[in-house]
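Undergrad: This is entry_27.cif (mmCIF, C-alpha atoms).
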```cif
data_structure
loop_
_atom_site.group_PDB
_atom_site.id
_atom_site.type_symbol
_atom_site.label_atom_id
_atom_site.label_comp_id
_atom_site.auth_asym_id
_atom_site.auth_seq_id
_atom_site.Cartn_x
_atom_site.Cartn_y
_atom_site.Cartn_z
ATOM 1 C CA MET A 14 15.713 -62.362 -4.447
ATOM 2 C CA ALA A 15 12.936 -60.540 -2.598
ATOM 3 C CA ARG A 16 15.475 -58.077 -1.211
ATOM 4 C CA HIS A 17 16.854 -57.437 -4.691
ATOM 5 C CA LEU A 18 13.380 -56.849 -6.153
ATOM 6 C CA LEU A 19 12.446 -54.503 -3.316
ATOM 7 C CA HIS A 20 15.673 -52.551 -3.901
ATOM 8 C CA ARG A 21 14.914 -52.334 -7.645
ATOM 9 C CA PHE A 22 11.370 -51.152 -6.955
ATOM 10 C CA LEU A 23 12.559 -48.445 -4.559
ATOM 11 C CA LEU A 24 14.957 -47.226 -7.238
ATOM 12 C CA THR A 25 11.992 -46.731 -9.585
ATOM 13 C CA LEU A 26 10.119 -44.475 -7.149
ATOM 14 C CA PRO A 27 11.996 -41.320 -8.296
ATOM 15 C CA ALA A 28 11.064 -42.163 -11.898
ATOM 16 C CA LEU A 29 7.401 -42.562 -10.913
ATOM 17 C CA TRP A 30 7.546 -39.256 -9.037
ATOM 18 C CA LEU A 31 9.030 -37.562 -12.114
ATOM 19 C CA VAL A 32 6.256 -38.979 -14.317
ATOM 20 C CA LEU A 33 3.603 -37.734 -11.901
ATOM 21 C CA THR A 34 5.195 -34.293 -11.714
ATOM 22 C CA LEU A 35 5.536 -33.872 -15.474
ATOM 23 C CA VAL A 36 1.964 -35.007 -16.115
ATOM 24 C CA PHE A 37 0.642 -32.709 -13.386
ATOM 25 C CA LEU A 38 2.470 -29.689 -14.794
ATOM 26 C CA LEU A 39 1.658 -30.410 -18.435
ATOM 27 C CA ILE A 40 -2.092 -30.845 -17.952
ATOM 28 C CA HIS A 41 -2.244 -27.553 -16.045
ATOM 29 C CA ILE A 42 -0.260 -25.760 -18.749
ATOM 30 C CA VAL A 43 -2.359 -27.037 -21.677
ATOM 31 C CA PRO A 44 -5.182 -24.597 -22.518
ATOM 32 C CA GLY A 45 -8.637 -25.635 -21.402
ATOM 33 C CA ASP A 46 -10.780 -25.415 -18.292
ATOM 34 C CA PRO A 47 -12.419 -28.540 -16.840
ATOM 35 C CA VAL A 48 -15.059 -26.408 -15.135
ATOM 36 C CA GLU A 49 -16.174 -24.959 -18.488
ATOM 37 C CA GLN A 50 -16.177 -28.472 -19.927
ATOM 38 C CA MET A 51 -18.516 -29.636 -17.172
ATOM 39 C CA LEU A 52 -20.874 -26.628 -17.014
ATOM 40 C CA GLY A 53 -20.721 -25.366 -20.585
ATOM 41 C CA GLU A 54 -19.940 -21.892 -21.863
ATOM 42 C CA GLY A 55 -23.312 -20.457 -20.792
ATOM 43 C CA ALA A 56 -22.844 -21.150 -17.070
ATOM 44 C CA ALA A 57 -23.232 -18.296 -14.618
ATOM 45 C CA PRO A 58 -20.011 -16.915 -13.104
ATOM 46 C CA GLY A 59 -21.237 -17.839 -9.636
ATOM 47 C CA GLN A 60 -21.714 -21.470 -10.626
ATOM 48 C CA VAL A 61 -18.260 -21.555 -12.209
ATOM 49 C CA ALA A 62 -16.613 -20.104 -9.099
ATOM 50 C CA GLU A 63 -18.499 -22.469 -6.788
ATOM 51 C CA LEU A 64 -17.592 -25.575 -8.779
ATOM 52 C CA ARG A 65 -13.976 -24.467 -9.133
ATOM 53 C CA HIS A 66 -13.778 -24.043 -5.357
ATOM 54 C CA SER A 67 -15.383 -27.442 -4.665
ATOM 55 C CA LEU A 68 -12.867 -29.140 -6.974
ATOM 56 C CA GLY A 69 -9.945 -27.292 -5.395
ATOM 57 C CA LEU A 70 -8.932 -25.693 -8.714
ATOM 58 C CA ASP A 71 -8.938 -22.181 -7.260
ATOM 59 C CA ARG A 72 -5.968 -22.979 -5.041
ATOM 60 C CA PRO A 73 -2.376 -22.089 -6.021
ATOM 61 C CA LEU A 74 -0.684 -24.681 -8.204
ATOM 62 C CA PRO A 75 1.965 -25.660 -5.597
ATOM 63 C CA VAL A 76 -0.830 -26.308 -3.085
ATOM 64 C CA GLN A 77 -2.703 -28.496 -5.569
ATOM 65 C CA TYR A 78 0.523 -30.362 -6.354
ATOM 66 C CA GLY A 79 1.356 -30.992 -2.691
ATOM 67 C CA ARG A 80 -2.172 -32.142 -1.959
ATOM 68 C CA TYR A 81 -2.088 -34.525 -4.926
ATOM 69 C CA LEU A 82 1.223 -36.107 -3.863
ATOM 70 C CA TRP A 83 -0.093 -36.508 -0.317
ATOM 71 C CA GLU A 84 -3.240 -38.256 -1.542
ATOM 72 C CA VAL A 85 -1.303 -40.547 -3.906
ATOM 73 C CA ALA A 86 1.054 -41.512 -1.082
ATOM 74 C CA HIS A 87 -2.030 -42.610 0.889
ATOM 75 C CA GLY A 88 -3.522 -44.568 -2.028
ATOM 76 C CA ASP A 89 -6.127 -41.946 -2.955
ATOM 77 C CA LEU A 90 -6.122 -40.990 -6.653
ATOM 78 C CA GLY A 91 -8.901 -38.446 -6.243
ATOM 79 C CA GLN A 92 -12.370 -38.039 -7.708
ATOM 80 C CA SER A 93 -13.019 -38.083 -11.449
ATOM 81 C CA PHE A 94 -14.566 -34.864 -12.766
ATOM 82 C CA LYS A 95 -16.247 -36.645 -15.689
ATOM 83 C CA PHE A 96 -17.578 -39.792 -14.010
ATOM 84 C CA GLN A 97 -18.126 -38.360 -10.520
ATOM 85 C CA ALA A 98 -16.598 -41.490 -9.005
ATOM 86 C CA PRO A 99 -13.279 -42.389 -7.356
ATOM 87 C CA VAL A 100 -10.499 -42.514 -9.943
ATOM 88 C CA ARG A 101 -9.224 -45.787 -8.527
ATOM 89 C CA ARG A 102 -12.563 -47.495 -9.136
ATOM 90 C CA VAL A 103 -12.968 -46.059 -12.645
ATOM 91 C CA ILE A 104 -9.468 -47.175 -13.666
ATOM 92 C CA PHE A 105 -9.666 -50.693 -12.300
ATOM 93 C CA GLU A 106 -12.998 -51.243 -14.028
ATOM 94 C CA ARG A 107 -11.137 -50.666 -17.316
ATOM 95 C CA TYR A 108 -7.761 -52.140 -16.343
ATOM 96 C CA PRO A 109 -8.598 -55.826 -17.062
ATOM 97 C CA ALA A 110 -9.634 -55.003 -20.647
ATOM 98 C CA THR A 111 -6.298 -53.294 -21.353
ATOM 99 C CA MET A 112 -4.235 -56.046 -19.738
ATOM 100 C CA GLN A 113 -6.062 -58.754 -21.678
ATOM 101 C CA LEU A 114 -5.465 -56.924 -24.937
ATOM 102 C CA ALA A 115 -1.802 -56.268 -24.103
ATOM 103 C CA PHE A 116 -1.115 -59.914 -23.202
ATOM 104 C CA LEU A 117 -2.840 -61.162 -26.359
ATOM 105 C CA ALA A 118 -0.855 -58.686 -28.449
ATOM 106 C CA LEU A 119 2.340 -59.895 -26.763
ATOM 107 C CA LEU A 120 1.410 -63.493 -27.633
ATOM 108 C CA VAL A 121 0.745 -62.458 -31.241
ATOM 109 C CA CYS A 122 4.100 -60.675 -31.298
ATOM 110 C CA ALA A 123 5.987 -63.693 -29.907
ATOM 111 C CA ALA A 124 4.095 -66.197 -32.099
ATOM 112 C CA ILE A 125 5.119 -64.261 -35.219
ATOM 113 C CA ALA A 126 8.577 -63.021 -34.282
ATOM 114 C CA ILE A 127 10.231 -66.066 -32.696
ATOM 115 C CA PRO A 128 9.541 -68.541 -35.551
ATOM 116 C CA ALA A 129 10.287 -65.852 -38.175
ATOM 117 C CA GLY A 130 13.564 -64.941 -36.464
ATOM 118 C CA LEU A 131 14.561 -68.608 -36.156
ATOM 119 C CA ILE A 132 13.869 -69.320 -39.810
ATOM 120 C CA SER A 133 15.582 -66.126 -40.945
ATOM 121 C CA ALA A 134 18.728 -66.937 -38.960
ATOM 122 C CA HIS A 135 18.741 -70.564 -40.141
ATOM 123 C CA ARG A 136 18.254 -69.555 -43.792
ATOM 124 C CA ARG A 137 20.590 -66.582 -43.690
ATOM 125 C CA GLY A 138 21.082 -65.027 -47.136
ATOM 126 C CA HIS A 139 18.345 -67.127 -48.763
ATOM 127 C CA VAL A 140 14.996 -66.044 -50.184
ATOM 128 C CA THR A 141 13.277 -66.804 -46.862
ATOM 129 C CA ASP A 142 15.625 -64.446 -45.023
ATOM 130 C CA ARG A 143 14.911 -61.672 -47.535
ATOM 131 C CA ALA A 144 11.158 -62.250 -47.224
ATOM 132 C CA VAL A 145 11.365 -61.906 -43.441
ATOM 133 C CA SER A 146 13.370 -58.685 -43.890
ATOM 134 C CA VAL A 147 10.616 -57.292 -46.121
ATOM 135 C CA PHE A 148 8.028 -58.196 -43.462
ATOM 136 C CA THR A 149 10.001 -56.411 -40.753
ATOM 137 C CA LEU A 150 10.358 -53.297 -42.904
ATOM 138 C CA PHE A 151 6.606 -53.316 -43.554
ATOM 139 C CA GLY A 152 5.856 -53.756 -39.863
ATOM 140 C CA LEU A 153 8.155 -50.897 -38.882
ATOM 141 C CA ALA A 154 6.826 -48.578 -41.601
ATOM 142 C CA VAL A 155 3.085 -48.934 -40.883
ATOM 143 C CA PRO A 156 1.999 -47.336 -37.562
ATOM 144 C CA ASN A 157 -0.947 -48.535 -35.460
ATOM 145 C CA PHE A 158 -3.240 -45.701 -36.482
ATOM 146 C CA ALA A 159 -2.834 -46.747 -40.151
ATOM 147 C CA LEU A 160 -2.788 -50.530 -39.716
ATOM 148 C CA GLY A 161 -5.944 -50.611 -37.569
ATOM 149 C CA PRO A 162 -8.252 -48.952 -40.132
ATOM 150 C CA LEU A 163 -6.728 -51.095 -42.901
ATOM 151 C CA LEU A 164 -7.538 -54.287 -41.003
ATOM 152 C CA ILE A 165 -11.052 -53.020 -40.234
ATOM 153 C CA THR A 166 -11.661 -52.160 -43.894
ATOM 154 C CA PHE A 167 -10.502 -55.544 -45.167
ATOM 155 C CA PHE A 168 -11.594 -58.065 -42.533
ATOM 156 C CA SER A 169 -14.687 -56.321 -41.151
ATOM 157 C CA ILE A 170 -16.165 -54.248 -43.981
ATOM 158 C CA GLN A 171 -15.055 -56.097 -47.108
ATOM 159 C CA LEU A 172 -15.097 -59.701 -45.873
ATOM 160 C CA GLY A 173 -17.413 -59.328 -42.861
ATOM 161 C CA TRP A 174 -15.462 -61.903 -40.866
ATOM 162 C CA LEU A 175 -14.694 -59.903 -37.731
ATOM 163 C CA PRO A 176 -16.456 -57.241 -35.616
ATOM 164 C CA VAL A 177 -15.510 -53.627 -36.275
ATOM 165 C CA SER A 178 -15.213 -52.503 -32.649
ATOM 166 C CA GLY A 179 -16.163 -53.152 -29.043
ATOM 167 C CA ARG A 180 -15.262 -55.822 -26.529
ATOM 168 C CA GLY A 181 -17.660 -58.711 -26.856
ATOM 169 C CA GLY A 182 -16.780 -62.270 -27.787
ATOM 170 C CA PRO A 183 -13.396 -63.782 -28.679
ATOM 171 C CA LEU A 184 -13.580 -62.448 -32.258
ATOM 172 C CA ASN A 185 -13.457 -58.876 -30.946
ATOM 173 C CA TYR A 186 -9.911 -59.447 -29.669
ATOM 174 C CA ILE A 187 -8.389 -60.479 -33.006
ATOM 175 C CA LEU A 188 -8.066 -57.168 -34.855
ATOM 176 C CA PRO A 189 -6.899 -55.037 -31.874
ATOM 177 C CA ALA A 190 -4.365 -57.681 -30.801
ATOM 178 C CA ALA A 191 -3.078 -58.043 -34.360
ATOM 179 C CA THR A 192 -2.783 -54.260 -34.733
ATOM 180 C CA LEU A 193 -0.763 -53.950 -31.534
ATOM 181 C CA GLY A 194 1.329 -57.086 -32.026
ATOM 182 C CA ALA A 195 2.287 -56.713 -35.695
ATOM 183 C CA ALA A 196 4.519 -53.650 -35.388
ATOM 184 C CA LEU A 197 6.271 -55.023 -32.295
ATOM 185 C CA ALA A 198 6.721 -58.388 -34.020
ATOM 186 C CA ALA A 199 8.850 -56.669 -36.656
ATOM 187 C CA ILE A 200 11.207 -55.309 -33.987
ATOM 188 C CA LEU A 201 11.376 -58.598 -32.092
ATOM 189 C CA THR A 202 11.999 -60.585 -35.297
ATOM 190 C CA ARG A 203 15.170 -58.634 -35.948
ATOM 191 C CA MET A 204 16.234 -59.115 -32.338
ATOM 192 C CA VAL A 205 15.646 -62.880 -32.487
ATOM 193 C CA ARG A 206 17.502 -63.126 -35.784
ATOM 194 C CA GLY A 207 20.532 -61.249 -34.433
ATOM 195 C CA ALA A 208 20.649 -63.249 -31.202
ATOM 196 C CA MET A 209 20.278 -66.549 -33.062
ATOM 197 C CA LEU A 210 23.010 -65.702 -35.568
ATOM 198 C CA GLU A 211 25.373 -65.040 -32.670
ATOM 199 C CA GLU A 212 24.493 -68.343 -30.993
ATOM 200 C CA LEU A 213 24.627 -70.385 -34.217
ATOM 201 C CA SER A 214 28.259 -69.343 -34.718
ATOM 202 C CA SER A 215 29.226 -70.662 -31.259
ATOM 203 C CA ASP A 216 31.359 -73.739 -30.641
ATOM 204 C CA TYR A 217 28.678 -75.636 -28.706
ATOM 205 C CA VAL A 218 26.324 -75.416 -31.725
ATOM 206 C CA ARG A 219 28.986 -76.848 -34.022
ATOM 207 C CA THR A 220 29.551 -79.603 -31.478
ATOM 208 C CA ALA A 221 25.822 -80.385 -31.331
ATOM 209 C CA ARG A 222 25.684 -80.631 -35.106
ATOM 210 C CA ALA A 223 28.777 -82.835 -35.151
ATOM 211 C CA LYS A 224 26.989 -85.221 -32.763
ATOM 212 C CA GLY A 225 24.280 -85.658 -35.375
ATOM 213 C CA LEU A 226 21.475 -83.756 -33.611
ATOM 214 C CA SER A 227 18.553 -82.683 -35.792
ATOM 215 C CA THR A 228 18.259 -79.109 -37.022
ATOM 216 C CA SER A 229 15.205 -78.462 -34.847
ATOM 217 C CA ALA A 230 17.024 -79.739 -31.747
ATOM 218 C CA VAL A 231 20.023 -77.509 -32.449
ATOM 219 C CA LEU A 232 17.885 -74.456 -33.117
ATOM 220 C CA VAL A 233 15.326 -74.819 -30.321
ATOM 221 C CA ARG A 234 16.930 -76.807 -27.509
ATOM 222 C CA HIS A 235 20.378 -75.269 -27.746
ATOM 223 C CA ALA A 236 20.611 -71.977 -29.661
ATOM 224 C CA LEU A 237 17.193 -70.501 -28.797
ATOM 225 C CA ARG A 238 17.500 -71.335 -25.107
ATOM 226 C CA ASN A 239 20.768 -69.418 -24.846
ATOM 227 C CA ALA A 240 19.377 -66.537 -26.906
ATOM 228 C CA LEU A 241 16.346 -66.074 -24.649
ATOM 229 C CA ILE A 242 17.902 -63.481 -22.308
ATOM 230 C CA PRO A 243 17.960 -60.618 -24.854
ATOM 231 C CA ILE A 244 14.616 -61.798 -26.266
ATOM 232 C CA ILE A 245 12.955 -61.713 -22.838
ATOM 233 C CA THR A 246 14.455 -58.263 -22.251
ATOM 234 C CA ILE A 247 12.896 -56.931 -25.453
ATOM 235 C CA LEU A 248 9.556 -58.563 -24.623
ATOM 236 C CA GLY A 249 9.541 -56.892 -21.223
ATOM 237 C CA LEU A 250 10.285 -53.508 -22.759
ATOM 238 C CA GLN A 251 7.696 -54.074 -25.481
ATOM 239 C CA PHE A 252 5.009 -54.739 -22.899
ATOM 240 C CA GLY A 253 5.410 -51.164 -21.714
ATOM 241 C CA THR A 254 5.185 -50.045 -25.341
ATOM 242 C CA LEU A 255 1.989 -52.071 -25.692
ATOM 243 C CA LEU A 256 0.395 -50.269 -22.755
ATOM 244 C CA ALA A 257 1.234 -46.928 -24.368
ATOM 245 C CA GLY A 258 0.115 -48.160 -27.790
ATOM 246 C CA THR A 259 -3.309 -49.087 -26.490
ATOM 247 C CA ILE A 260 -4.152 -45.366 -26.296
ATOM 248 C CA VAL A 261 -4.362 -45.238 -30.109
ATOM 249 C CA THR A 262 -5.568 -48.777 -30.728
ATOM 250 C CA GLU A 263 -8.323 -48.699 -28.112
ATOM 251 C CA THR A 264 -9.603 -45.456 -29.589
ATOM 252 C CA ILE A 265 -9.712 -46.964 -33.096
ATOM 253 C CA PHE A 266 -11.547 -50.103 -31.980
ATOM 254 C CA SER A 267 -13.673 -48.469 -29.233
ATOM 255 C CA TRP A 268 -12.019 -50.778 -26.714
ATOM 256 C CA PRO A 269 -13.129 -50.020 -23.128
ATOM 257 C CA GLY A 270 -9.670 -49.951 -21.577
ATOM 258 C CA ILE A 271 -7.259 -47.524 -19.944
ATOM 259 C CA GLY A 272 -6.004 -46.218 -23.294
ATOM 260 C CA ARG A 273 -9.423 -45.008 -24.374
ATOM 261 C CA LEU A 274 -10.088 -43.781 -20.845
ATOM 262 C CA THR A 275 -6.921 -41.663 -21.064
ATOM 263 C CA VAL A 276 -8.150 -40.058 -24.289
ATOM 264 C CA GLN A 277 -11.512 -39.325 -22.659
ATOM 265 C CA ALA A 278 -9.737 -37.780 -19.661
ATOM 266 C CA ILE A 279 -7.675 -35.545 -21.950
ATOM 267 C CA SER A 280 -10.683 -34.380 -23.979
ATOM 268 C CA SER A 281 -12.718 -33.579 -20.848
ATOM 269 C CA ARG A 282 -9.744 -32.057 -18.941
ATOM 270 C CA ASP A 283 -10.310 -34.580 -16.167
ATOM 271 C CA TYR A 284 -7.078 -33.932 -14.265
ATOM 272 C CA PRO A 285 -7.358 -36.605 -11.538
ATOM 273 C CA LEU A 286 -8.401 -39.311 -13.997
ATOM 274 C CA LEU A 287 -5.605 -38.518 -16.454
ATOM 275 C CA GLN A 288 -2.998 -38.505 -13.697
ATOM 276 C CA GLY A 289 -4.342 -41.807 -12.384
ATOM 277 C CA CYS A 290 -4.232 -43.446 -15.827
ATOM 278 C CA ILE A 291 -0.630 -42.378 -16.444
ATOM 279 C CA LEU A 292 0.380 -43.534 -12.965
ATOM 280 C CA VAL A 293 -1.165 -46.995 -13.449
ATOM 281 C CA ILE A 294 0.484 -47.391 -16.871
ATOM 282 C CA ALA A 295 3.884 -46.370 -15.476
ATOM 283 C CA LEU A 296 3.505 -48.643 -12.442
ATOM 284 C CA SER A 297 2.518 -51.588 -14.654
ATOM 285 C CA TYR A 298 5.615 -50.997 -16.763
ATOM 286 C CA VAL A 299 7.824 -51.031 -13.659
ATOM 287 C CA LEU A 300 6.275 -54.262 -12.347
ATOM 288 C CA VAL A 301 6.706 -55.995 -15.712
ATOM 289 C CA ASN A 302 10.398 -55.098 -15.717
ATOM 290 C CA LEU A 303 10.759 -56.545 -12.217
ATOM 291 C CA LEU A 304 9.063 -59.729 -13.405
ATOM 292 C CA THR A 305 11.504 -59.831 -16.328
ATOM 293 C CA ASP A 306 14.392 -59.810 -13.851
ATOM 294 C CA VAL A 307 12.869 -62.810 -12.071
ATOM 295 C CA LEU A 308 12.484 -64.706 -15.356
ATOM 296 C CA TYR A 309 16.201 -64.273 -16.060
ATOM 297 C CA SER A 310 17.150 -66.563 -13.181
ATOM 298 C CA PHE A 311 14.739 -69.287 -14.349
ATOM 299 C CA ILE A 312 15.785 -69.150 -18.000
ATOM 300 C CA ASP A 313 19.539 -69.010 -17.406
ATOM 301 C CA PRO A 314 20.846 -70.642 -14.192
ATOM 302 C CA ARG A 315 24.018 -68.566 -14.489
ATOM 303 C CA VAL A 316 21.990 -65.451 -13.699
ATOM 304 C CA ARG A 317 21.578 -64.891 -9.995
ATOM 305 C CA LEU A 318 19.622 -62.107 -8.354
ATOM 306 C CA SER A 319 21.223 -60.819 -5.180
#
```
Do you think you could lay out the structure here as structure tokens?
TA:
Amino acid sequence: MARHLLHRFLLTLPALWLVLTLVFLLIHIVPGDPVEQMLGEGAAPGQVAELRHSLGLDRPLPVQYGRYLWEVAHGDLGQSFKFQAPVRRVIFERYPATMQLAFLALLVCAAIAIPAGLISAHRRGHVTDRAVSVFTLFGLAVPNFALGPLLITFFSIQLGWLPVSGRGGPLNYILPAATLGAALAAILTRMVRGAMLEELSSDYVRTARAKGLSTSAVLVRHALRNALIPIITILGLQFGTLLAGTIVTETIFSWPGIGRLTVQAISSRDYPLLQGCILVIALSYVLVNLLTDVLYSFIDPRVRLS
């Protein structure tokens, strides 16, 4: 298994290199000068030239690119222009906040989608199935940047039940996690419903019912267990979507994570910090997919990693 996972990880290195290259080129093409952002428009030309030289921004672009790849290969993500600190330290101070929010959102997604998909498949064609379909359409139609302010307006401003923003106590996690998890729950609900409908039409399910097993036993112990492979696949892919979605959600809720840090890096033209944030998000996505492969073999004994 370890050999298989190592092989899979090595295959992802070209994808990570491509991400790094595209981000590097795009941030240098986008208009804006980080030196002017740091010194202001009224800075003397000598100060601008000196700072540009100290940051290495006066070098040709291929030289900057080669130097950056060399430093990344040695575990050095550079120095943040904005925070004047190593990028690695700045990112990993914010990384736990993003991971906590992403895992909670994934739990919210699974807690909504799996029961809703089970019920929808069991009550196919009934009012309950149509109600779940309406929920999924609503979840797919409302993006994070619209759902977040709506939840803030209702639960924080109108009712006063939950904090508006920040990362403090447990109540601060509810609205951001719900905002991230709701839209993904709509997608996963449809996936669970489709996988369950396929399993419920199988011969082994009819045999289990003929033996007199309860509906819950047939649905959970038999059908759901065999439908978990596609569900786990979608959850693994959605985790990567969650990490990308935190960029918007963390900005709305002033959440001190990598998503908000990425926005700050873009606004301040902090090249090393932005490249580091994108690299960490991409690497996290790769590792989650490797973990998903490992879970396959535990969920379904017929799956073997070799």
Undergrad: For Thr305 of chain A, which residue among A:Thr264, A:Gly79, A:Gly45, A:Arg21 is the nearest when counting only C-alpha atoms?
TA: A:Arg21
Undergrad: Which of these residues is nearest to Asp283 of chain A, using only C-alpha atoms: A:Pro27, A:Pro47, A:Pro109, A:Gly138?
TA: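 Closest to Asp283 of chain A, using only C-alpha atoms: A:Pro47.
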Undergrad: How far is it from atom CA of Ser297 of chain A to atom CA of Leu24 of chain A, in Å with one decimal?
TA: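 Interatomic distance here is 15.1 Å.
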Undergrad: Can you translate the PyMOL selection byres ((chain A and resi 131) around 8) into the concrete residues it hits in this file, as number ranges by chain?
TA: A: 127-130, 132-135, 205-206, 209, 232
Undergrad: Specify as an mmCIF file with C-alpha atoms, keeping the file's coordinate frame each residue included when the PyMOL selection byres ((chain A and resi 157-164) around 9) is applied to this file.
TA:
```
data_model
loop_
_atom_site.group_PDB
_atom_site.id
_atom_site.type_symbol
_atom_site.label_atom_id
_atom_site.label_comp_id
_atom_site.auth_asym_id
_atom_site.auth_seq_id
_atom_site.Cartn_x
_atom_site.Cartn_y
_atom_site.Cartn_z
ATOM 1 C CA VAL A 155 3.085 -48.934 -40.883
ATOM 2 C CA PRO A 156 1.999 -47.336 -37.562
ATOM 3 C CA ILE A 165 -11.052 -53.020 -40.234
ATOM 4 C CA THR A 166 -11.661 -52.160 -43.894
ATOM 5 C CA PHE A 167 -10.502 -55.544 -45.167
ATOM 6 C CA PHE A 168 -11.594 -58.065 -42.533
ATOM 7 C CA SER A 169 -14.687 -56.321 -41.151
ATOM 8 C CA LEU A 188 -8.066 -57.168 -34.855
ATOM 9 C CA PRO A 189 -6.899 -55.037 -31.874
ATOM 10 C CA ALA A 191 -3.078 -58.043 -34.360
ATOM 11 C CA THR A 192 -2.783 -54.260 -34.733
ATOM 12 C CA LEU A 193 -0.763 -53.950 -31.534
ATOM 13 C CA ALA A 195 2.287 -56.713 -35.695
ATOM 14 C CA ALA A 196 4.519 -53.650 -35.388
ATOM 15 C CA GLY A 258 0.115 -48.160 -27.790
ATOM 16 C CA VAL A 261 -4.362 -45.238 -30.109
ATOM 17 C CA THR A 262 -5.568 -48.777 -30.728
ATOM 18 C CA ILE A 265 -9.712 -46.964 -33.096
ATOM 19 C CA PHE A 266 -11.547 -50.103 -31.980
#
```
Undergrad: Using only C-alpha atoms, find all polymer residues with an atom at most 9 Å away from the point (-0.2, -35.0, -7.0); report them as number ranges by chain.
TA: A: 33-34, 37, 77-86, 90, 285, 288
Undergrad: When you count all atoms listed in the file, which of these residues is closest to Ala154 of chain A: A:Thr111, A:Thr220, A:Gln251, A:Ile200?
TA: A:Ile200
Undergrad: When you count all atoms listed in the file, which of these residues is closest to Gln97 of chain A: A:Leu29, A:His139, A:Leu68, A:Asn185?
TA: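 Of all the options, A:Leu68 lies closest to Gln97 of chain A.
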Undergrad: What does the distance from atom CA of Val121 of chain A to atom CA of Gly194 of chain A come to in Å, to one decimal?
TA: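 About the pair atom CA of Val121 of chain A and atom CA of Gly194 of chain A: they are 5.5 Å apart.
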Undergrad: Measure the distance from atom CA of Ile260 of chain A to atom CA of Ile104 of chain A in Å and round it to one decimal.
TA: 13.8 Å
Undergrad: For the file shown, what are the residues hit by the PyMOL selection byres ((chain A and resi 110) around 12), laid out as a PyMOL selection string?
TA: chain A and resi 104-109+111-117+179-181+185-186+189-190+256+259+263+267-274
Undergrad: Between A:Leu201, A:Ala57, A:Leu19, A:Ile294, single out the one closest to Thr275 of chain A, counting all atoms listed in the file.
TA: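 That would be A:Ile294, the residue with the smallest distance to Thr275 of chain A.
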Undergrad: Using all atoms listed in the file, find the one residue out of A:Thr202, A:Asp306, A:Tyr284, A:Ala98 that sits nearest to Asp46 of chain A.
TA: A:Tyr284
